[in-house]
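Structure file structure-v7.cif (mmCIF, C-alpha atoms and all ligand atoms) follows.
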```cif
data_query
#
loop_
_atom_site.label_atom_id
_atom_site.label_comp_id
_atom_site.auth_asym_id
_atom_site.auth_seq_id
_atom_site.Cartn_x
_atom_site.Cartn_y
_atom_site.Cartn_z
CA MET A 28 117.70 97.37 89.08
CA LYS A 29 117.39 93.62 89.68
CA ILE A 30 114.25 91.88 88.43
CA LEU A 31 113.64 88.30 89.50
CA SER A 32 110.95 85.66 89.22
CA GLY A 33 110.57 81.90 89.26
CA ILE A 34 108.14 79.31 88.00
CA GLN A 35 107.41 75.83 89.30
CA PRO A 36 108.02 72.95 86.91
CA SER A 37 104.77 71.34 87.93
CA GLY A 38 102.85 70.85 84.72
CA LYS A 39 102.07 72.40 81.42
CA LEU A 40 102.41 76.12 80.99
CA HIS A 41 99.13 78.01 80.54
CA ILE A 42 98.18 81.48 79.36
CA GLY A 43 97.75 82.70 82.96
CA ASN A 44 101.40 81.88 83.65
CA TYR A 45 102.39 83.61 80.44
CA PHE A 46 100.63 86.92 81.09
CA GLY A 47 101.15 86.92 84.88
CA MET A 48 104.82 86.09 84.96
CA MET A 49 106.61 85.02 81.79
CA ARG A 50 105.73 87.91 79.52
CA PRO A 51 106.59 90.59 82.10
CA MET A 52 109.92 88.86 82.69
CA ILE A 53 110.71 88.59 78.99
CA ASN A 54 109.68 92.21 78.39
CA ASN A 55 111.90 93.32 81.23
CA MET A 56 115.06 91.80 79.80
CA ASP A 57 116.60 95.16 79.06
CA ARG A 58 115.28 97.12 82.04
CA GLY A 59 117.91 95.83 84.40
CA GLU A 60 119.62 92.69 85.56
CA LEU A 61 117.16 89.84 85.02
CA TYR A 62 117.07 86.66 87.14
CA ALA A 63 114.75 83.89 85.92
CA PHE A 64 114.66 80.43 87.42
CA ILE A 65 112.79 77.17 87.66
CA VAL A 66 111.79 76.47 91.23
CA ASN A 67 112.06 72.69 91.46
CA LEU A 68 112.55 72.71 95.26
CA HIS A 69 109.18 74.41 95.58
CA ALA A 70 107.65 71.88 93.21
CA LEU A 71 108.72 69.07 95.58
CA THR A 72 106.00 70.28 97.95
CA SER A 73 103.34 69.04 95.53
CA VAL A 74 104.97 66.75 92.95
CA THR A 75 105.89 63.23 94.07
CA ASP A 76 106.60 61.68 90.66
CA SER A 77 110.39 61.98 90.38
CA LYS A 78 110.59 61.28 86.64
CA ALA A 79 107.90 63.83 85.91
CA LEU A 80 109.67 66.46 88.01
CA ALA A 81 112.98 65.96 86.20
CA GLN A 82 111.27 65.97 82.81
CA ASP A 83 109.10 69.01 83.60
CA THR A 84 112.19 70.93 84.71
CA LEU A 85 113.67 70.65 81.22
CA GLU A 86 110.24 71.35 79.69
CA ALA A 87 109.93 74.55 81.72
CA ALA A 88 113.37 75.62 80.47
CA ALA A 89 112.27 74.97 76.88
CA ASP A 90 109.05 76.95 77.49
CA PHE A 91 110.87 79.98 78.83
CA LEU A 92 113.47 80.05 76.05
CA ALA A 93 110.90 79.39 73.32
CA LEU A 94 108.79 82.32 74.50
CA GLY A 95 111.73 84.65 74.12
CA LEU A 96 113.94 84.57 77.19
CA ASP A 97 117.49 85.11 75.99
CA PRO A 98 119.99 83.36 78.28
CA GLU A 99 122.72 85.76 77.14
CA ARG A 100 120.77 88.72 78.49
CA CYS A 101 119.76 87.26 81.85
CA ILE A 102 120.69 84.70 84.47
CA PHE A 103 118.59 81.59 83.93
CA TRP A 104 118.96 78.52 86.15
CA VAL A 105 117.35 75.74 88.13
CA GLN A 106 116.79 76.58 91.81
CA SER A 107 118.34 73.40 93.27
CA ASP A 108 121.60 74.00 91.39
CA VAL A 109 122.30 76.84 93.83
CA PRO A 110 122.35 75.12 97.25
CA GLU A 111 123.07 78.45 98.98
CA VAL A 112 119.32 79.06 98.81
CA THR A 113 118.50 76.24 101.23
CA GLU A 114 121.13 77.45 103.68
CA LEU A 115 119.65 80.93 103.62
CA THR A 116 116.15 79.45 104.01
CA TRP A 117 117.14 77.88 107.33
CA ILE A 118 118.63 81.11 108.63
CA LEU A 119 115.57 83.12 107.58
CA SER A 120 113.23 80.52 109.08
CA THR A 121 114.73 81.13 112.52
CA LEU A 122 113.37 84.66 112.47
CA THR A 123 110.09 84.01 110.66
CA PRO A 124 107.12 84.18 113.05
CA ILE A 125 104.87 81.13 112.74
CA GLY A 126 101.86 83.47 112.67
CA LEU A 127 103.10 85.06 109.45
CA LEU A 128 103.06 81.66 107.71
CA GLU A 129 99.77 80.63 109.31
CA ARG A 130 98.10 83.57 107.61
CA CYS A 131 99.15 82.49 104.09
CA HIS A 132 96.11 81.69 101.93
CA SER A 133 98.12 79.68 99.46
CA TYR A 134 99.01 77.05 102.10
CA LYS A 135 95.41 76.77 103.25
CA ASP A 136 94.11 76.57 99.67
CA LYS A 137 96.58 73.85 98.72
CA VAL A 138 95.75 71.76 101.78
CA ALA A 139 92.03 72.22 101.08
CA LYS A 140 92.70 70.87 97.58
CA GLY A 141 94.26 67.73 99.00
CA ILE A 142 98.01 68.48 98.90
CA ALA A 143 99.72 66.89 101.93
CA ALA A 144 100.19 69.41 104.74
CA SER A 145 103.96 68.91 105.04
CA HIS A 146 106.43 71.16 106.79
CA GLY A 147 107.85 72.03 103.36
CA LEU A 148 104.47 73.21 102.11
CA PHE A 149 104.02 75.31 105.25
CA SER A 150 107.45 76.92 104.98
CA TYR A 151 107.19 77.38 101.20
CA PRO A 152 107.09 81.20 101.60
CA VAL A 153 110.40 81.16 103.52
CA LEU A 154 112.14 79.36 100.65
CA MET A 155 110.56 81.88 98.30
CA ALA A 156 111.83 84.75 100.46
CA ALA A 157 115.32 83.21 100.33
CA ASP A 158 115.03 82.99 96.52
CA ILE A 159 114.35 86.68 96.32
CA LEU A 160 116.62 88.03 99.06
CA LEU A 161 119.64 85.93 98.06
CA TYR A 162 119.88 87.86 94.78
CA GLN A 163 118.95 91.23 96.32
CA ALA A 164 116.05 91.60 93.87
CA ASP A 165 114.29 94.96 93.65
CA LEU A 166 111.28 93.89 91.57
CA VAL A 167 109.44 90.58 91.37
CA PRO A 168 106.94 90.18 88.48
CA VAL A 169 104.20 87.73 89.51
CA GLY A 170 100.45 87.19 89.24
CA LYS A 171 98.19 88.51 91.99
CA ASP A 172 98.06 85.15 93.78
CA GLN A 173 101.70 85.64 94.82
CA LYS A 174 101.18 89.06 96.40
CA GLN A 175 100.98 87.69 99.94
CA HIS A 176 104.16 85.67 99.48
CA LEU A 177 105.92 88.86 98.43
CA GLU A 178 104.69 90.52 101.59
CA VAL A 179 106.16 87.68 103.62
CA ALA A 180 109.50 88.15 101.84
CA ARG A 181 109.40 91.87 102.62
CA ASP A 182 108.57 91.26 106.29
CA ILE A 183 111.43 88.80 106.63
CA ALA A 184 113.88 91.19 104.92
CA ILE A 185 112.84 94.06 107.19
CA LYS A 186 113.10 91.91 110.31
CA PHE A 187 116.55 90.64 109.34
CA ASN A 188 117.75 94.18 108.60
CA ASN A 189 116.40 95.40 111.94
CA ASN A 190 118.02 92.57 113.88
CA TYR A 191 121.38 92.37 112.14
CA GLY A 192 121.84 95.69 110.31
CA GLU A 193 121.13 96.66 106.69
CA THR A 194 121.67 93.50 104.62
CA PHE A 195 118.80 92.81 102.24
CA VAL A 196 117.05 94.88 99.61
CA VAL A 197 113.34 94.98 100.49
CA PRO A 198 111.69 93.70 97.28
CA GLU A 199 108.55 95.00 95.56
CA ALA A 200 106.00 92.86 93.71
CA ALA A 201 105.32 93.93 90.10
CA ILE A 202 101.75 92.94 89.32
CA ALA A 203 100.35 94.17 86.00
CA ASP A 204 96.75 95.34 86.63
CA ASP A 205 95.33 94.29 83.28
CA VAL A 206 96.45 90.66 83.56
CA ALA A 207 96.74 90.28 87.35
CA THR A 208 94.38 87.32 87.19
CA VAL A 209 93.75 85.68 83.84
CA PRO A 210 90.40 83.82 84.07
CA GLY A 211 90.15 80.14 83.29
CA LEU A 212 87.50 78.24 81.30
CA ASP A 213 85.04 78.54 84.18
CA GLY A 214 85.78 82.16 85.07
CA GLN A 215 87.76 81.35 88.23
CA LYS A 216 91.48 82.17 88.23
CA MET A 217 93.15 80.06 85.56
CA SER A 218 95.18 77.50 87.47
CA LYS A 219 96.60 74.03 86.93
CA SER A 220 94.99 72.95 90.16
CA TYR A 221 91.49 73.99 89.03
CA GLY A 222 91.75 72.07 85.75
CA ASN A 223 90.50 75.16 83.89
CA THR A 224 93.57 76.09 81.89
CA ILE A 225 94.32 76.75 78.24
CA GLY A 226 97.81 75.42 77.59
CA ILE A 227 100.15 77.49 75.46
CA PHE A 228 101.64 74.55 73.61
CA LEU A 229 98.61 72.35 73.06
CA ASP A 230 98.23 70.62 69.70
CA ALA A 231 95.60 72.11 67.38
CA LYS A 232 92.86 69.61 68.28
CA SER A 233 93.28 69.92 72.05
CA LEU A 234 93.45 73.70 71.81
CA LYS A 235 90.15 73.84 69.98
CA LYS A 236 88.57 71.50 72.52
CA ARG A 237 89.69 73.69 75.42
CA VAL A 238 88.51 76.95 73.85
CA MET A 239 85.13 75.47 72.93
CA ALA A 240 84.78 74.51 76.61
CA ILE A 241 84.93 78.14 77.80
CA VAL A 242 81.82 78.65 79.89
CA THR A 243 79.41 81.34 78.61
CA ASP A 244 75.86 82.27 79.57
CA ALA A 245 72.74 81.24 77.67
CA ALA A 246 71.87 84.72 76.33
CA PRO A 247 70.75 84.71 72.66
CA VAL A 248 73.04 86.18 69.99
CA GLU A 249 70.99 89.35 69.54
CA ALA A 250 70.84 90.18 73.27
CA PRO A 251 73.10 93.00 74.49
CA LYS A 252 75.70 91.66 76.92
CA ASP A 253 78.25 93.08 79.34
CA PRO A 254 81.66 92.18 77.84
CA ASP A 255 83.51 92.66 81.10
CA LYS A 256 81.39 90.01 82.77
CA CYS A 257 81.99 87.52 79.97
CA ASN A 258 84.73 85.05 80.51
CA LEU A 259 85.17 84.45 76.77
CA TYR A 260 85.59 88.19 76.12
CA ASN A 261 88.08 88.51 78.97
CA ILE A 262 90.29 85.86 77.37
CA PHE A 263 89.63 87.09 73.81
CA LYS A 264 90.83 90.59 74.67
CA LEU A 265 94.29 89.31 75.56
CA PHE A 266 94.86 88.18 71.98
CA ALA A 267 92.73 90.24 69.60
CA PRO A 268 94.19 93.25 67.74
CA ALA A 269 92.77 96.59 68.99
CA ASP A 270 90.50 97.29 65.99
CA ARG A 271 88.92 93.83 66.07
CA LEU A 272 88.50 94.04 69.83
CA LYS A 273 86.57 97.28 69.42
CA GLU A 274 84.23 95.64 66.89
CA VAL A 275 83.63 92.71 69.20
CA HIS A 276 83.10 95.04 72.15
CA ASP A 277 80.39 96.84 70.16
CA LEU A 278 78.75 93.52 69.27
CA TYR A 279 78.53 92.69 72.95
CA VAL A 280 77.09 96.05 73.92
CA ASN A 281 74.63 96.36 71.02
CA GLY A 282 73.78 92.70 70.51
CA GLY A 283 75.13 90.32 67.88
CA ALA A 284 77.99 88.61 69.73
CA ALA A 285 77.81 84.90 68.83
CA TYR A 286 79.87 82.91 71.33
CA GLY A 287 80.47 79.94 69.00
CA TYR A 288 82.00 82.10 66.27
CA LEU A 289 84.07 84.09 68.73
CA LYS A 290 85.44 80.88 70.19
CA LEU A 291 86.54 79.68 66.74
CA GLU A 292 88.15 83.06 66.13
CA LEU A 293 89.92 82.78 69.49
CA VAL A 294 91.31 79.35 68.52
CA ASP A 295 92.93 80.93 65.45
CA LEU A 296 94.20 83.91 67.39
CA LEU A 297 95.82 81.67 70.00
CA TRP A 298 97.32 79.38 67.39
CA GLU A 299 98.93 82.29 65.54
CA TYR A 300 99.97 84.16 68.68
CA PHE A 301 102.07 81.27 69.93
CA ARG A 302 103.11 79.90 66.52
CA PRO A 303 106.73 81.19 66.55
CA ALA A 304 107.21 80.01 70.15
CA ARG A 305 105.68 76.61 69.31
CA GLU A 306 108.13 76.13 66.45
CA LYS A 307 111.10 77.16 68.55
CA ARG A 308 109.98 74.95 71.39
CA GLU A 309 109.95 71.88 69.16
CA GLN A 310 113.58 72.49 68.27
CA LEU A 311 114.57 73.10 71.89
CA SER A 312 112.79 70.02 73.25
CA ALA A 313 114.67 67.92 70.76
CA ASP A 314 117.97 69.09 72.24
CA PRO A 315 118.05 68.45 76.01
CA GLY A 316 121.85 68.63 75.92
CA TYR A 317 121.65 72.27 74.88
CA LEU A 318 119.07 73.02 77.59
CA ARG A 319 121.27 71.43 80.28
CA GLN A 320 124.25 73.42 79.06
CA VAL A 321 122.33 76.72 79.23
CA LEU A 322 121.08 75.91 82.72
CA ALA A 323 124.53 74.87 83.97
CA LYS A 324 126.01 78.15 82.74
CA GLY A 325 123.17 80.04 84.40
CA ALA A 326 123.70 78.18 87.68
CA ASP A 327 127.37 79.16 87.72
CA LYS A 328 126.46 82.83 87.30
CA ALA A 329 123.69 82.60 89.91
CA ARG A 330 125.97 80.89 92.46
CA GLU A 331 128.53 83.62 92.09
CA LYS A 332 125.90 86.23 93.00
CA ALA A 333 124.35 84.08 95.73
CA SER A 334 127.60 83.40 97.51
CA VAL A 335 128.28 87.13 97.96
CA THR A 336 125.00 87.61 99.85
CA LEU A 337 125.26 84.37 101.80
CA ASP A 338 128.77 85.26 102.91
CA GLN A 339 127.52 88.55 104.38
CA VAL A 340 124.61 86.80 106.06
CA LEU A 341 126.82 84.13 107.67
CA ASP A 342 128.98 86.87 109.04
CA LYS A 343 126.09 88.98 110.33
CA VAL A 344 124.37 86.15 112.19
CA GLY A 345 127.56 84.83 113.77
CA LEU A 346 128.17 81.67 111.80
CA LYS A 347 131.68 82.78 110.91
CA TYR A 348 134.10 82.19 113.74
P1 LIG B 401 99.14 77.62 88.83
O1 LIG B 401 98.18 78.47 89.62
O2 LIG B 401 98.56 77.22 87.52
O3 LIG B 401 99.68 76.45 89.61
P2 LIG B 401 101.70 78.80 89.33
O4 LIG B 401 101.35 78.93 90.77
O5 LIG B 401 102.75 77.80 88.94
O6 LIG B 401 100.37 78.54 88.48
O7 LIG B 401 102.11 80.23 88.80
C1 LIG B 401 103.28 80.61 88.12
C2 LIG B 401 103.25 82.10 87.86
O8 LIG B 401 102.14 82.42 87.01
C3 LIG B 401 103.03 82.93 89.14
O9 LIG B 401 103.75 84.14 89.03
C4 LIG B 401 101.57 83.21 89.13
O10 LIG B 401 101.24 84.38 89.84
C5 LIG B 401 101.28 83.37 87.64
N1 LIG B 401 99.90 82.98 87.35
C6 LIG B 401 99.35 81.75 87.51
N2 LIG B 401 98.07 81.74 87.15
C7 LIG B 401 97.77 83.02 86.77
C8 LIG B 401 96.59 83.66 86.27
N3 LIG B 401 95.47 82.98 86.11
N4 LIG B 401 96.66 84.97 85.98
C9 LIG B 401 97.82 85.66 86.14
N5 LIG B 401 98.95 85.12 86.59
C10 LIG B 401 98.95 83.81 86.90
N1 LIG B 402 105.67 80.69 94.44
C1 LIG B 402 105.79 81.02 93.05
C2 LIG B 402 104.59 80.38 92.30
O1 LIG B 402 103.96 79.47 92.75
C3 LIG B 402 107.07 80.53 92.46
C4 LIG B 402 108.28 81.14 93.08
C5 LIG B 402 109.19 80.52 93.87
C6 LIG B 402 108.73 82.47 92.90
N2 LIG B 402 110.18 81.41 94.21
C7 LIG B 402 109.93 82.59 93.64
C8 LIG B 402 108.22 83.56 92.22
C9 LIG B 402 110.65 83.81 93.70
C10 LIG B 402 108.94 84.76 92.28
C11 LIG B 402 110.13 84.89 93.02
O2 LIG B 402 104.33 80.78 91.21
#
```
Would you mind writing the file's structure down as structure tokens?
Ligand code: ADP
Ligand code: TRP
Amino acid sequence: MKILSGIQPSGKLHIGNYFGMMRPMINNMDRGELYAFIVNLHALTSVTDSKALAQDTLEAAADFLALGLDPERCIFWVQSDVPEVTELTWILSTLTPIGLLERCHSYKDKVAKGIAASHGLFSYPVLMAADILLYQADLVPVGKDQKQHLEVARDIAIKFNNNYGETFVVPEAAIADDVATVPGLDGQKMSKSYGNTIGIFLDAKSLKKRVMAIVTDAAPVEAPKDPDKCNLYNIFKLFAPADRLKEVHDLYVNGGAAYGYLKLELVDLLWEYFRPAREKREQLSADPGYLRQVLAKGADKAREKASVTLDQVLDKVGLKY
């Protein structure tokens, strides 16, 4: 089984990214062949600062490795180092109905938030389909917001197979129910573009500031509260050990949950949870040469796989003469 997912190098990693995509990828390292990559071509649709993009690409590599991705047990690379993907994107785009892309919420949301409505942003899902189909991935671990993009990839694969004969594996999204959408400080989906994130590698002071900013209601401590409706609880439960979570759950239901204290406890939980990764990340960031070497090795392995699929595709569509 081939498991594949990518992340944009477009800012600091947050706990939504971790639970939605990185953790499932890292936990899947031994379930099959794992393909993990940094999608810098996708990031070009929203990042215009070239220095930041280059820097964030290395940062994203450090993040992934620090959190436990082992480059010896997977293929780990930067998207643009495998140019086959852009060639496949063009071929797939010729059989992608415009209507399919027009229905994508992500495009509409991004434009509504002020990102320029470029052709690249519009055809983003076709590049993502090429990412997935090029490596014949079976399973794609992502957060719920990517479900529609996975459906586009499936539709394109099916259409190609119908037109040209069995070529692509039709991929499935793997979306973990319990962490499908990690809430942000304000209770909306945690997202860089909403400014409501808790970064994984914040320094101690900034981390505390973010956690203290989690929005809660004005109910008094002694009032019974519904934990599932509380944003703080929904983040707390991702990090607390089971026995402590049960105690806190009871405090909510019976009265006695003090938001201020729980927030301070959450700061400590977060700090400890990511401590080993934070330490490893410091070492990795100090050694960009090592990161580049890992990524170059990964790109070689990825290109080898990609060229097999692209070769078949070129033949099927009539570009070999
Ligand atoms: P953002 O919304 O912050 O820009 P990305 O779009 O770069 O995040 O997402 C990278 C990966 O993390 C995707 O697989 C996405 O589904 C997942 N992800 C992002 N935010 C969340 C969240 N709040 N809950 C669960 N998964 C998330
Ligand atoms: N669109 C994804 C996101 O914003 C990133 C991505 C690009 C991706 N290509 C992919 C995810 C292929 C999974 C598989 O998070």
Test item: residues lying within 8 Å of ligand LIG 401 (chain B) with only C-alpha atoms and all ligand atoms, as a PyMOL selection string
chain A and resi 32-37+40-49+168-173+206-211+216-221+224
Could you please take those selected residues and save C-alpha atoms as a CSV table (one decimal), in the coordinates of the input?
```csv
chain,number,residue,atom,x,y,z
A,32,SER,CA,111.0,85.7,89.2
A,33,GLY,CA,110.6,81.9,89.3
A,34,ILE,CA,108.1,79.3,88.0
A,35,GLN,CA,107.4,75.8,89.3
A,36,PRO,CA,108.0,73.0,86.9
A,37,SER,CA,104.8,71.3,87.9
A,40,LEU,CA,102.4,76.1,81.0
A,41,HIS,CA,99.1,78.0,80.5
A,42,ILE,CA,98.2,81.5,79.4
A,43,GLY,CA,97.8,82.7,83.0
A,44,ASN,CA,101.4,81.9,83.6
A,45,TYR,CA,102.4,83.6,80.4
A,46,PHE,CA,100.6,86.9,81.1
A,47,GLY,CA,101.2,86.9,84.9
A,48,MET,CA,104.8,86.1,85.0
A,49,MET,CA,106.6,85.0,81.8
A,168,PRO,CA,106.9,90.2,88.5
A,169,VAL,CA,104.2,87.7,89.5
A,170,GLY,CA,100.4,87.2,89.2
A,171,LYS,CA,98.2,88.5,92.0
A,172,ASP,CA,98.1,85.2,93.8
A,173,GLN,CA,101.7,85.6,94.8
A,206,VAL,CA,96.4,90.7,83.6
A,207,ALA,CA,96.7,90.3,87.4
A,208,THR,CA,94.4,87.3,87.2
A,209,VAL,CA,93.8,85.7,83.8
A,210,PRO,CA,90.4,83.8,84.1
A,211,GLY,CA,90.2,80.1,83.3
A,216,LYS,CA,91.5,82.2,88.2
A,217,MET,CA,93.2,80.1,85.6
A,218,SER,CA,95.2,77.5,87.5
A,219,LYS,CA,96.6,74.0,86.9
A,220,SER,CA,95.0,73.0,90.2
A,221,TYR,CA,91.5,74.0,89.0
A,224,THR,CA,93.6,76.1,81.9
```
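Counting all atoms listed in the file, stretch 77-81 of chain A has the following residues at most 8 Å away, ignoring those fewer than 2 positions along the same chain: Pro36, Ser37, Asn67, Ala70, Val74, Thr75, Asp83, Thr84 and Leu85 of chain A.
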Can you spit out the residues from that selection as a PDB file, keeping the file's coordinate frame, using C-alpha atoms?
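File written: part.pdb
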```pdb
ATOM      1  CA  PRO A  36     108.020  72.950  86.910  1.00  0.00           C
ATOM      2  CA  SER A  37     104.770  71.340  87.930  1.00  0.00           C
ATOM      3  CA  ASN A  67     112.060  72.690  91.460  1.00  0.00           C
ATOM      4  CA  ALA A  70     107.650  71.880  93.210  1.00  0.00           C
ATOM      5  CA  VAL A  74     104.970  66.750  92.950  1.00  0.00           C
ATOM      6  CA  THR A  75     105.890  63.230  94.070  1.00  0.00           C
ATOM      7  CA  ASP A  83     109.100  69.010  83.600  1.00  0.00           C
ATOM      8  CA  THR A  84     112.190  70.930  84.710  1.00  0.00           C
ATOM      9  CA  LEU A  85     113.670  70.650  81.220  1.00  0.00           C
TER      10      LEU A  85
END
```
Work out how far atom CA of A:Gly222 is from atom CA of A:His276, in Å to one decimal.
28.1 Å
In Å, how far is it from atom CA of A:Asn258 to atom CA of A:Tyr286?
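That distance, rounded to one decimal, is 10.6 Å.
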Please, what is the axis-aligned box for every listed atom of ligand LIG 402 (chain B) with 4 Å on each side, as centre and edge lengths in Å to one decimal, as lines of an AutoDock Vina configuration file?
```
center_x = 107.3
center_y = 82.2
center_z = 92.8
size_x = 14.7
size_y = 13.4
size_z = 11.2
```
Surrounding residues of A:Asp230 excluding itself and chain neighbours under 3 positions, 12 Å, only C-alpha atoms, as a PyMOL selection string
chain A and resi 225-227+233-237+294+297-298+301-302+305-306+309
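With all atoms listed in the file as the basis for measurement, A:Lys174 is the residue among A:Arg330, A:Lys174, A:Lys135, A:Arg50 that approaches ligand LIG 402 (chain B) most closely.
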Tell me which of A:Asn54, A:Met155, A:Lys39, A:Asp342 sits closest to A:Tyr191, counting all atoms listed in the file.
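The closest residue to A:Tyr191 is A:Asp342.
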Between atom CA of A:Asp327 and atom CA of A:Val105, what is the distance, to one decimal in Å?
10.6 Å
Go ahead and find all residues with at least one atom no further than 9 Å from (117.3, 85.0, 95.2) in the file's coordinates, using only C-alpha atoms; report them as number ranges by chain.
A: 31-32, 62, 112, 155-164, 329, 332-333
Which residue gives the smallest distance to A:Asp165 among A:Asp255, A:Glu199, A:Asp244, A:Glu274, with all atoms listed in the file counted?
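Comparing A:Asp255, A:Glu199, A:Asp244, A:Glu274 against A:Asp165, the winner is A:Glu199.
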Neighbouring residues of A:Ala267 were defined as those with any atom within 10 Å, considering only C-alpha atoms; residues of the same chain fewer than 5 positions away were excluded. Please report them as a tab-separated table (two decimals) with C-alpha atoms, keeping the file's coordinate frame.
```
chain	number	residue	atom	x	y	z
A	260	TYR	CA	85.59	88.19	76.12
A	262	ILE	CA	90.29	85.86	77.37
A	272	LEU	CA	88.50	94.04	69.83
A	273	LYS	CA	86.57	97.28	69.42
A	275	VAL	CA	83.63	92.71	69.20
A	292	GLU	CA	88.15	83.06	66.13
A	293	LEU	CA	89.92	82.78	69.49
A	296	LEU	CA	94.20	83.91	67.39
A	297	LEU	CA	95.82	81.67	70.00
A	300	TYR	CA	99.97	84.16	68.68
```
Please provide the set of residues having any atom within 8 Å of A:Val321, restricted to only C-alpha atoms, with same-chain residues fewer than 5 positions apart removed, written as a count of residues only.
3
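Of the listed residues A:Ser150, A:Thr243, A:Thr123, A:Gln215, the one whose atoms come nearest to A:Ala284 is A:Thr243, with distances taken using only C-alpha atoms.
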Proximity to A:Ala231 - best of A:Ala143, A:Leu311, A:Asp205, A:Leu291, all atoms listed in the file:
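Residue with the minimum atom-to-atom distance to A:Ala231: A:Leu291.
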Nearest residue to ligand LIG 402 (chain B) from the set A:Pro198, A:Ile142, A:Val109, A:Ala89 (distances using only C-alpha atoms and all ligand atoms)
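When distances to ligand LIG 402 (chain B) are compared using only C-alpha atoms and all ligand atoms, the smallest one comes from A:Pro198.
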